[in-house]
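File shown: coords_39.csv (CSV, C-alpha atoms).
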chain,number,residue,atom,x,y,z
A,1,MET,CA,-23.0,-1.6,-8.3
A,2,SER,CA,-20.9,-2.1,-11.4
A,3,GLN,CA,-19.5,-5.5,-12.4
A,4,ALA,CA,-16.0,-4.4,-11.7
A,5,LEU,CA,-16.9,-3.7,-8.1
A,6,SER,CA,-19.1,-6.7,-7.3
A,7,CYS,CA,-17.2,-9.7,-8.8
A,8,ASN,CA,-14.9,-11.7,-6.6
A,9,HIS,CA,-11.9,-11.1,-8.9
A,10,PRO,CA,-11.6,-7.6,-10.5
A,11,PRO,CA,-10.0,-7.8,-14.0
A,12,ALA,CA,-6.7,-6.4,-12.7
A,13,LEU,CA,-6.4,-9.3,-10.3
A,14,THR,CA,-7.2,-12.0,-12.9
A,15,ALA,CA,-4.7,-10.5,-15.3
A,16,ALA,CA,-2.0,-10.2,-12.6
A,17,ASP,CA,-2.4,-13.8,-11.7
A,18,LYS,CA,-1.8,-14.8,-15.3
A,19,VAL,CA,1.3,-12.7,-15.5
A,20,VAL,CA,2.8,-14.2,-12.4
A,21,GLU,CA,1.8,-17.8,-13.5
A,22,ASN,CA,3.6,-17.4,-16.8
A,23,GLY,CA,6.7,-15.9,-15.2
A,24,VAL,CA,8.2,-12.5,-16.0
A,25,THR,CA,11.3,-11.2,-17.8
A,26,VAL,CA,12.9,-7.9,-16.7
A,27,ALA,CA,15.9,-5.9,-17.8
A,28,VAL,CA,19.1,-6.6,-15.9
A,29,LEU,CA,19.3,-2.9,-15.0
A,30,ASP,CA,16.0,-3.2,-13.1
A,31,MET,CA,16.8,-6.4,-11.2
A,32,PRO,CA,17.9,-4.8,-7.9
A,33,MET,CA,14.5,-3.4,-7.2
A,34,MET,CA,12.4,-6.2,-8.7
A,35,PRO,CA,12.3,-8.5,-5.6
A,36,MET,CA,10.8,-5.7,-3.5
A,37,LEU,CA,8.6,-4.4,-6.3
A,38,MET,CA,7.3,-7.9,-7.2
A,39,GLY,CA,6.8,-8.8,-3.6
A,40,TRP,CA,4.8,-5.7,-2.9
A,41,TRP,CA,2.7,-6.4,-6.0
A,42,GLN,CA,1.9,-9.9,-4.9
A,43,PHE,CA,1.1,-8.6,-1.4
A,44,THR,CA,-1.1,-5.9,-2.8
A,45,ASN,CA,-3.0,-8.3,-5.1
A,46,ARG,CA,-3.5,-10.8,-2.2
A,47,THR,CA,-4.7,-8.0,0.1
A,48,ALA,CA,-7.2,-7.0,-2.6
A,49,LYS,CA,-8.5,-10.5,-2.8
A,50,ALA,CA,-8.9,-10.6,1.0
A,51,VAL,CA,-10.7,-7.2,0.9
A,52,VAL,CA,-13.1,-8.4,-1.8
A,53,ARG,CA,-13.9,-11.7,-0.1
A,54,LEU,CA,-14.5,-10.0,3.3
A,55,HIS,CA,-16.7,-7.4,1.7
A,56,ASP,CA,-18.7,-10.1,-0.1
A,57,ASP,CA,-19.2,-11.9,3.2
A,58,GLY,CA,-20.5,-8.7,4.9
A,59,PHE,CA,-17.4,-7.7,6.9
A,60,SER,CA,-17.3,-4.2,5.5
A,61,VAL,CA,-16.1,-2.5,8.7
A,62,GLU,CA,-13.5,-5.1,9.7
A,63,VAL,CA,-11.9,-4.9,6.3
A,64,ALA,CA,-10.8,-1.3,6.9
A,65,PRO,CA,-7.2,-2.1,8.0
A,66,LEU,CA,-6.7,-4.0,4.8
A,67,MET,CA,-7.9,-1.1,2.7
A,68,ARG,CA,-5.4,1.1,4.5
A,69,ILE,CA,-2.6,-1.4,3.6
A,70,LEU,CA,-3.8,-1.6,0.0
A,71,ILE,CA,-3.8,2.2,-0.5
A,72,GLY,CA,-0.4,2.6,1.1
A,73,HIS,CA,1.3,-0.1,-0.8
A,74,ALA,CA,0.0,1.1,-4.2
A,75,TYR,CA,1.6,4.4,-3.5
A,76,ALA,CA,4.8,2.8,-2.2
A,77,MET,CA,5.2,0.8,-5.4
A,78,ASN,CA,5.1,4.0,-7.4
A,79,TRP,CA,7.5,5.7,-4.9
A,80,LEU,CA,10.0,2.8,-5.3
A,81,VAL,CA,9.9,3.0,-9.1
A,82,ASP,CA,10.4,6.8,-9.0
A,83,ASN,CA,13.3,6.8,-6.6
A,84,GLY,CA,15.2,3.6,-7.4
A,85,TRP,CA,18.3,2.7,-5.3
A,86,PRO,CA,17.9,5.5,-2.7
A,87,ALA,CA,14.3,4.1,-2.0
A,88,LEU,CA,15.7,0.6,-1.5
A,89,ARG,CA,18.2,2.0,0.9
A,90,ALA,CA,15.4,3.8,2.8
A,91,ILE,CA,13.3,0.6,2.9
A,92,ARG,CA,16.3,-1.3,4.4
A,93,ALA,CA,16.8,1.4,7.0
A,94,TYR,CA,13.1,1.6,7.9
A,95,SER,CA,12.9,-2.2,8.1
A,96,ASP,CA,16.0,-2.3,10.4
A,97,VAL,CA,14.3,0.2,12.7
A,98,HIS,CA,11.3,-2.1,13.1
A,99,ARG,CA,13.6,-5.1,13.7
A,100,VAL,CA,15.6,-3.3,16.4
A,101,LYS,CA,12.4,-2.0,18.1
A,102,LEU,CA,11.0,-5.5,18.2
A,103,ALA,CA,14.2,-7.0,19.6
A,104,ASN,CA,14.3,-4.3,22.3
A,105,ASN,CA,10.7,-5.0,23.2
A,106,VAL,CA,11.3,-8.7,23.5
A,107,ASN,CA,14.4,-8.3,25.5
A,108,ALA,CA,12.7,-5.9,27.9
A,109,THR,CA,9.6,-8.0,28.5
A,110,TRP,CA,10.5,-11.7,27.9
A,111,ASN,CA,12.7,-13.7,30.2
A,112,LEU,CA,14.9,-15.3,27.5
A,113,PRO,CA,18.1,-17.2,28.3
A,114,ASP,CA,19.9,-15.0,25.8
A,115,PRO,CA,18.9,-11.6,24.5
A,116,VAL,CA,17.7,-11.2,20.9
A,117,THR,CA,20.3,-9.5,18.7
A,118,VAL,CA,19.8,-7.7,15.4
A,119,ASP,CA,22.6,-7.2,12.9
A,120,THR,CA,22.3,-3.9,11.0
A,121,ALA,CA,24.7,-2.4,8.5
A,122,PRO,CA,25.6,1.3,8.9
A,123,ILE,CA,24.5,3.6,6.1
A,124,GLU,CA,27.3,5.5,4.4
A,125,PHE,CA,26.4,8.7,2.5
A,126,LYS,CA,28.3,10.3,-0.3
A,127,ASP,CA,27.7,13.8,0.9
A,128,GLU,CA,25.2,16.0,2.7
A,129,ALA,CA,22.8,16.0,-0.2
A,130,ASP,CA,22.7,12.2,-0.2
A,131,GLU,CA,22.0,12.2,3.5
A,132,LYS,CA,19.3,14.8,3.1
A,133,LEU,CA,17.7,12.7,0.3
A,134,HIS,CA,17.8,9.6,2.5
A,135,LYS,CA,16.0,11.5,5.4
A,136,GLN,CA,13.4,12.8,2.9
A,137,LEU,CA,12.6,9.4,1.5
A,138,LEU,CA,12.6,7.8,5.0
A,139,GLY,CA,10.1,10.4,6.1
A,140,GLU,CA,7.8,9.6,3.1
A,141,LEU,CA,8.0,5.9,3.6
A,142,SER,CA,7.3,6.1,7.3
A,143,ASN,CA,4.4,8.7,7.1
A,144,PHE,CA,1.8,8.3,4.4
A,145,ASP,CA,0.8,12.0,4.8
A,146,ASN,CA,4.3,13.0,3.6
A,147,LEU,CA,4.1,10.5,0.7
A,148,ALA,CA,0.7,11.8,-0.4
A,149,LYS,CA,1.9,15.4,-0.4
A,150,ALA,CA,5.1,14.5,-2.3
A,151,TYR,CA,2.9,13.1,-5.0
A,152,GLY,CA,0.7,16.2,-5.1
A,153,THR,CA,-2.3,14.2,-3.9
A,154,PRO,CA,-3.0,15.3,-0.3
A,155,GLU,CA,-6.7,14.6,-0.8
A,156,ILE,CA,-5.9,10.9,-0.6
A,157,TYR,CA,-4.8,11.2,3.0
A,158,PRO,CA,-8.2,11.7,4.5
A,159,VAL,CA,-9.3,8.4,2.9
A,160,TYR,CA,-6.2,6.7,4.4
A,161,ARG,CA,-6.8,8.4,7.8
A,162,HIS,CA,-10.5,7.2,7.7
A,163,HIS,CA,-9.3,3.6,7.4
A,164,SER,CA,-6.7,4.2,10.1
A,165,ALA,CA,-9.4,5.3,12.5
A,166,LEU,CA,-11.1,1.9,11.8
A,167,SER,CA,-7.7,0.2,12.4
A,168,HIS,CA,-7.4,1.3,16.1
A,169,THR,CA,-9.4,1.2,19.3
A,170,THR,CA,-11.5,4.3,18.5
A,171,ALA,CA,-15.2,4.9,18.7
A,172,TYR,CA,-15.3,4.5,14.9
A,173,THR,CA,-15.0,0.7,15.3
A,174,ALA,CA,-18.1,0.6,17.5
A,175,ASN,CA,-20.3,3.2,16.0
A,176,PRO,CA,-21.3,1.3,12.8
A,177,PHE,CA,-22.8,-1.5,14.9
A,178,VAL,CA,-24.8,0.5,17.4
A,179,VAL,CA,-27.8,2.8,16.6
A,180,GLU,CA,-29.5,4.9,19.3
A,181,ARG,CA,-33.2,5.8,18.7
A,182,GLY,CA,-34.8,7.5,21.7
A,183,ASP,CA,-34.5,5.2,24.7
A,184,ASN,CA,-33.8,2.1,22.5
A,185,LEU,CA,-30.5,0.7,21.4
A,186,TYR,CA,-30.3,-1.2,18.1
A,187,PHE,CA,-27.5,-3.3,16.8
A,188,ALA,CA,-26.4,-3.3,13.1
A,189,THR,CA,-24.2,-5.7,11.3
A,190,ALA,CA,-22.9,-3.8,8.2
A,191,LEU,CA,-22.5,-0.5,6.5
A,192,GLN,CA,-25.2,0.8,4.1
A,193,ASP,CA,-25.0,-0.2,0.5
A,194,ALA,CA,-24.0,3.3,-0.6
A,195,ASP,CA,-21.0,3.2,1.8
A,196,LEU,CA,-20.1,-0.2,0.5
A,197,ILE,CA,-19.9,1.1,-3.1
A,198,ILE,CA,-17.7,4.0,-2.1
A,199,GLU,CA,-15.4,1.7,0.0
A,200,ARG,CA,-15.1,-0.9,-2.8
A,201,LEU,CA,-14.2,1.7,-5.4
A,202,TRP,CA,-10.8,2.1,-3.8
A,203,VAL,CA,-10.0,-1.5,-4.5
A,204,PRO,CA,-9.7,-1.3,-8.3
A,205,VAL,CA,-8.1,2.2,-8.0
A,206,ALA,CA,-5.2,0.8,-5.8
A,207,LEU,CA,-4.9,-2.3,-8.0
A,208,LEU,CA,-4.5,-0.2,-11.1
A,209,GLN,CA,-2.0,2.1,-9.5
A,210,ALA,CA,0.1,-0.9,-8.4
A,211,ALA,CA,-0.1,-2.6,-11.7
A,212,ASN,CA,0.8,0.5,-13.6
A,213,ALA,CA,3.9,0.9,-11.4
A,214,ILE,CA,5.3,-2.5,-12.2
A,215,SER,CA,4.0,-3.4,-15.7
A,216,THR,CA,6.4,-1.3,-17.7
A,217,PHE,CA,9.3,-3.1,-16.0
A,218,ILE,CA,8.1,-6.4,-17.2
A,219,GLU,CA,8.8,-7.5,-20.8
A,220,GLY,CA,5.8,-6.8,-23.0
A,221,ASN,CA,4.1,-4.5,-20.5
A,222,PRO,CA,1.5,-7.3,-19.9
A,223,MET,CA,-0.9,-5.3,-17.8
A,224,LYS,CA,-1.3,-2.3,-20.2
A,225,LYS,CA,-4.5,-3.4,-22.0
A,226,THR,CA,-6.1,-4.5,-18.8
A,227,ILE,CA,-5.3,-1.2,-17.1
A,228,GLN,CA,-6.6,0.8,-20.0
A,229,LYS,CA,-9.9,-1.2,-20.3
A,230,ALA,CA,-10.5,-1.0,-16.5
A,231,MET,CA,-9.9,2.8,-16.5
A,232,ASN,CA,-12.4,3.2,-19.3
A,233,ASP,CA,-15.0,0.9,-17.8
A,234,LEU,CA,-14.8,2.7,-14.4
A,235,GLY,CA,-14.6,6.1,-15.9
A,236,LEU,CA,-11.5,7.0,-13.9
A,237,PRO,CA,-9.4,10.0,-14.7
A,238,VAL,CA,-5.9,9.4,-15.9
A,239,GLU,CA,-4.6,11.6,-13.1
A,240,ILE,CA,-5.5,9.0,-10.5
A,241,LEU,CA,-3.4,6.4,-12.3
A,242,ASN,CA,-0.3,8.3,-13.2
A,243,LEU,CA,1.2,8.9,-9.8
A,244,LYS,CA,4.2,11.2,-10.2
A,245,ARG,CA,5.9,13.1,-7.5
A,246,GLY,CA,6.2,16.9,-7.7
A,247,ALA,CA,10.0,17.4,-7.4
A,248,ALA,CA,11.6,14.0,-7.8
A,249,PRO,CA,14.9,13.5,-5.8
A,250,VAL,CA,18.0,12.6,-7.8
A,251,ALA,CA,18.1,8.8,-7.7
A,252,THR,CA,21.5,7.4,-8.3
A,253,ALA,CA,23.0,4.0,-7.5
A,254,PRO,CA,26.2,3.7,-5.5
A,255,GLN,CA,29.4,3.7,-7.5
Produce structure tokens that represent the structure in this file.
Amino acid sequence: MSQALSCNHPPALTAADKVVENGVTVAVLDMPMMPMLMGWWQFTNRTAKAVVRLHDDGFSVEVAPLMRILIGHAYAMNWLVDNGWPALRAIRAYSDVHRVKLANNVNATWNLPDPVTVDTAPIEFKDEADEKLHKQLLGELSNFDNLAKAYGTPEIYPVYRHHSALSHTTAYTANPFVVERGDNLYFATALQDADLIIERLWVPVALLQAANAISTFIEGNPMKKTIQKAMNDLGLPVEILNLKRGAAPVATAPQ
């Protein structure tokens, strides 16, 4: 296993921590999306740290839900950068859907003195094209299969789906720990080393994709050298880093 895969802190994580510790400067024009972009970057980096620590402690199967989160958020950061304001609008709408569903679930099942209420602002569209764009972006944000296809990388979805199967109550969460040989039943505790290497490979890939999405928006592009070195060390093709959607929607801010 390479050093980049086996150490507790991949280079991209160490470099990201230094960037955040020193504070960042961004252009005024990019400020509206920076809270979401920076928040997702921090979440992605912290998730990667958790993945690495759990793997190192032998929890290779249990870490699958976090791997799914890591892959999805790396793509989402690039999606946000590519689509700007309309993407922020879609994030708000999707977040409101979750808030309303949670409130409805609570009100239907909990005996509270007063019902839970959720304030949501209606979305106003400039025209039919703007509404169509919103629905497209909402569909990509809420379904990773749509997002992967929009970026011309449908091959990433089976990886995401594999981790999804290990995130739900399927046979896949039991199979790694039980081995049948004849009339005997044996219990295992972890995946094989070869499987671990393959699983861990997606950690630096997602980290580099996320860092590449945000670094150019930070003064001095502080992650550039780290990204380039890690790509060379791991022998990764540039195509896996430069996530660009096929036909980008027209992203314009409200007037």
For this session: Could you please give me, as a PyMOL selection string, the residues of protein, DNA or RNA lying at most 12 Å from (14.8, -6.0, -2.9) in the coordinate frame of the file, considering all atoms listed in the file?
Result: chain A and resi 30-40+80-81+84-92+95
Select, counting all atoms listed in the file, all protein, DNA and RNA residues no farther than 12 Å from (6.2, -10.5, -23.5) in file coordinates, and express the selection as a compact mmCIF listing (two decimals) with C-alpha atoms, keeping the file's coordinate frame.
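Result saved to out22.txt:
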# COMPACT_ATOMS: atom_id res chain seq x y z
CA VAL A 19 1.30 -12.70 -15.50
CA ASN A 22 3.60 -17.40 -16.80
CA GLY A 23 6.70 -15.90 -15.20
CA VAL A 24 8.20 -12.50 -16.00
CA THR A 25 11.30 -11.20 -17.80
CA VAL A 26 12.90 -7.90 -16.70
CA SER A 215 4.00 -3.40 -15.70
CA THR A 216 6.40 -1.30 -17.70
CA PHE A 217 9.30 -3.10 -16.00
CA ILE A 218 8.10 -6.40 -17.20
CA GLU A 219 8.80 -7.50 -20.80
CA GLY A 220 5.80 -6.80 -23.00
CA ASN A 221 4.10 -4.50 -20.50
CA PRO A 222 1.50 -7.30 -19.90
CA MET A 223 -0.90 -5.30 -17.80
CA LYS A 224 -1.30 -2.30 -20.20
Problem set entry | Option closest in space to Ala210 of chain A, from A:Gly235, A:Pro158, A:Gly72, A:Pro10 [counting only C-alpha atoms] |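 Nearest to Ala210 of chain A: A:Gly72.
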Exercise. Could you state the separation of atom CA of Lys135 of chain A and atom CA of Asn104 of chain A in Å, given to one decimal place?
Worked result: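 Computing the Euclidean distance for atom CA of Lys135 of chain A and atom CA of Asn104 of chain A yields 23.2 Å.
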For this session: Could you jot down the atom CA of Val118 of chain A to atom CA of Val100 of chain A separation for me, Å, one decimal place?
Result: 6.2 Å
For this session: Return the single residue from A:Ala211, A:Ala206, A:Leu141, A:Asn232 that is closest to Asp17 of chain A, with distances computed using only C-alpha atoms.
Result: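 Closest to Asp17 of chain A, using only C-alpha atoms: A:Ala211.
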Exercise. Which of these, A:Val20, A:Val28, A:Val159, A:Ala103, has the shortest distance to Ile69 of chain A once you count only C-alpha atoms?
Worked result: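 Of A:Val20, A:Val28, A:Val159, A:Ala103, the one nearest Ile69 of chain A, counting only C-alpha atoms, is A:Val159.
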For this session: Rank A:Ala188, A:Ala213, A:Leu234, A:Leu138 by their smallest atom-to-atom distance to Gly58 of chain A, using all atoms listed in the file, and report the top residue only.
Result: A:Ala188
Problem set entry | Length of the atom CA of Ile123 of chain A to atom CA of Leu137 of chain A vector [Å] |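 Value for the atom CA of Ile123 of chain A-atom CA of Leu137 of chain A distance: 14.0 Å.
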For this session: Compile the contact shell of Tyr172 of chain A as number ranges by chain: residues with an atom at most 12 Å away, counting only C-alpha atoms, same-chain residues fewer than 2 positions apart removed.
Result: A: 61-62, 64, 161-170, 174-178
Exercise. Leaving out Glu140 of chain A and any residue of its chain fewer than 2 positions from it, which residues lie within 12 Å of it when counting all atoms listed in the file, given as an MDAnalysis selection string?
Worked result: chainID A and resid 72 75:76 79:80 83 87 90:91 94 133:138 142:151 245
For this session: May I ask which of the residues A:Ala121, A:Ala27, A:Leu70, A:Val63 is the closest one to Thr173 of chain A, counting all atoms listed in the file?
Result: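 Distance minimum relative to Thr173 of chain A lands on A:Val63.
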How would segment 29-51 of chain A look with N, CA, C and O atoms restored, written as a tab-separated table (two decimals), in the frame of the given file?
chain	number	residue	atom	x	y	z
A	29	LEU	N	19.18	-4.19	-15.70
A	29	LEU	CA	19.30	-2.90	-15.00
A	29	LEU	C	18.28	-2.76	-13.89
A	29	LEU	O	18.55	-2.12	-12.86
A	30	ASP	N	17.10	-3.36	-14.07
A	30	ASP	CA	16.00	-3.20	-13.10
A	30	ASP	C	15.96	-4.31	-12.05
A	30	ASP	O	15.12	-4.28	-11.14
A	31	MET	N	16.86	-5.28	-12.14
A	31	MET	CA	16.80	-6.40	-11.20
A	31	MET	C	16.94	-6.08	-9.77
A	31	MET	O	16.26	-6.69	-8.93
A	32	PRO	N	17.79	-5.10	-9.38
A	32	PRO	CA	17.90	-4.80	-7.90
A	32	PRO	C	16.62	-4.49	-7.23
A	32	PRO	O	16.45	-4.85	-6.06
A	33	MET	N	15.71	-3.80	-7.89
A	33	MET	CA	14.50	-3.40	-7.20
A	33	MET	C	13.32	-4.38	-7.46
A	33	MET	O	12.26	-4.26	-6.84
A	34	MET	N	13.50	-5.35	-8.35
A	34	MET	CA	12.40	-6.20	-8.70
A	34	MET	C	11.92	-7.13	-7.56
A	34	MET	O	10.71	-7.35	-7.42
A	35	PRO	N	12.82	-7.69	-6.72
A	35	PRO	CA	12.30	-8.50	-5.60
A	35	PRO	C	11.34	-7.74	-4.71
A	35	PRO	O	10.29	-8.26	-4.33
A	36	MET	N	11.69	-6.49	-4.37
A	36	MET	CA	10.80	-5.70	-3.50
A	36	MET	C	9.55	-5.31	-4.28
A	36	MET	O	8.44	-5.39	-3.74
A	37	LEU	N	9.71	-4.89	-5.53
A	37	LEU	CA	8.60	-4.40	-6.30
A	37	LEU	C	7.60	-5.59	-6.58
A	37	LEU	O	6.38	-5.45	-6.43
A	38	MET	N	8.14	-6.73	-6.96
A	38	MET	CA	7.30	-7.90	-7.20
A	38	MET	C	6.64	-8.41	-5.94
A	38	MET	O	5.46	-8.81	-5.93
A	39	GLY	N	7.40	-8.39	-4.85
A	39	GLY	CA	6.80	-8.80	-3.60
A	39	GLY	C	5.70	-7.95	-3.12
A	39	GLY	O	4.66	-8.43	-2.66
A	40	TRP	N	5.88	-6.64	-3.27
A	40	TRP	CA	4.80	-5.70	-2.90
A	40	TRP	C	3.60	-5.88	-3.82
A	40	TRP	O	2.46	-5.74	-3.37
A	41	TRP	N	3.85	-6.16	-5.09
A	41	TRP	CA	2.70	-6.40	-6.00
A	41	TRP	C	1.92	-7.58	-5.62
A	41	TRP	O	0.68	-7.55	-5.60
A	42	GLN	N	2.61	-8.67	-5.31
A	42	GLN	CA	1.90	-9.90	-4.90
A	42	GLN	C	1.14	-9.61	-3.58
A	42	GLN	O	-0.01	-10.05	-3.42
A	43	PHE	N	1.77	-8.90	-2.65
A	43	PHE	CA	1.10	-8.60	-1.40
A	43	PHE	C	-0.12	-7.71	-1.61
A	43	PHE	O	-1.17	-7.92	-1.00
A	44	THR	N	0.01	-6.74	-2.52
A	44	THR	CA	-1.10	-5.90	-2.80
A	44	THR	C	-2.26	-6.65	-3.46
A	44	THR	O	-3.42	-6.48	-3.09
A	45	ASN	N	-1.94	-7.53	-4.40
A	45	ASN	CA	-3.00	-8.30	-5.10
A	45	ASN	C	-3.67	-9.27	-4.08
A	45	ASN	O	-4.90	-9.43	-4.10
A	46	ARG	N	-2.90	-9.92	-3.22
A	46	ARG	CA	-3.50	-10.80	-2.20
A	46	ARG	C	-4.33	-10.07	-1.22
A	46	ARG	O	-5.38	-10.55	-0.79
A	47	THR	N	-3.87	-8.87	-0.84
A	47	THR	CA	-4.70	-8.00	0.10
A	47	THR	C	-5.98	-7.66	-0.55
A	47	THR	O	-7.03	-7.67	0.11
A	48	ALA	N	-5.94	-7.31	-1.84
A	48	ALA	CA	-7.20	-7.00	-2.60
A	48	ALA	C	-8.13	-8.13	-2.60
A	48	ALA	O	-9.35	-7.95	-2.44
A	49	LYS	N	-7.62	-9.33	-2.80
A	49	LYS	CA	-8.50	-10.50	-2.80
A	49	LYS	C	-9.15	-10.70	-1.45
A	49	LYS	O	-10.34	-11.02	-1.37
A	50	ALA	N	-8.38	-10.47	-0.39
A	50	ALA	CA	-8.90	-10.60	1.00
A	50	ALA	C	-10.01	-9.54	1.19
A	50	ALA	O	-11.06	-9.82	1.78
A	51	VAL	N	-9.76	-8.31	0.72
A	51	VAL	CA	-10.70	-7.20	0.90
A	51	VAL	C	-12.05	-7.58	0.19
A	51	VAL	O	-13.13	-7.43	0.76
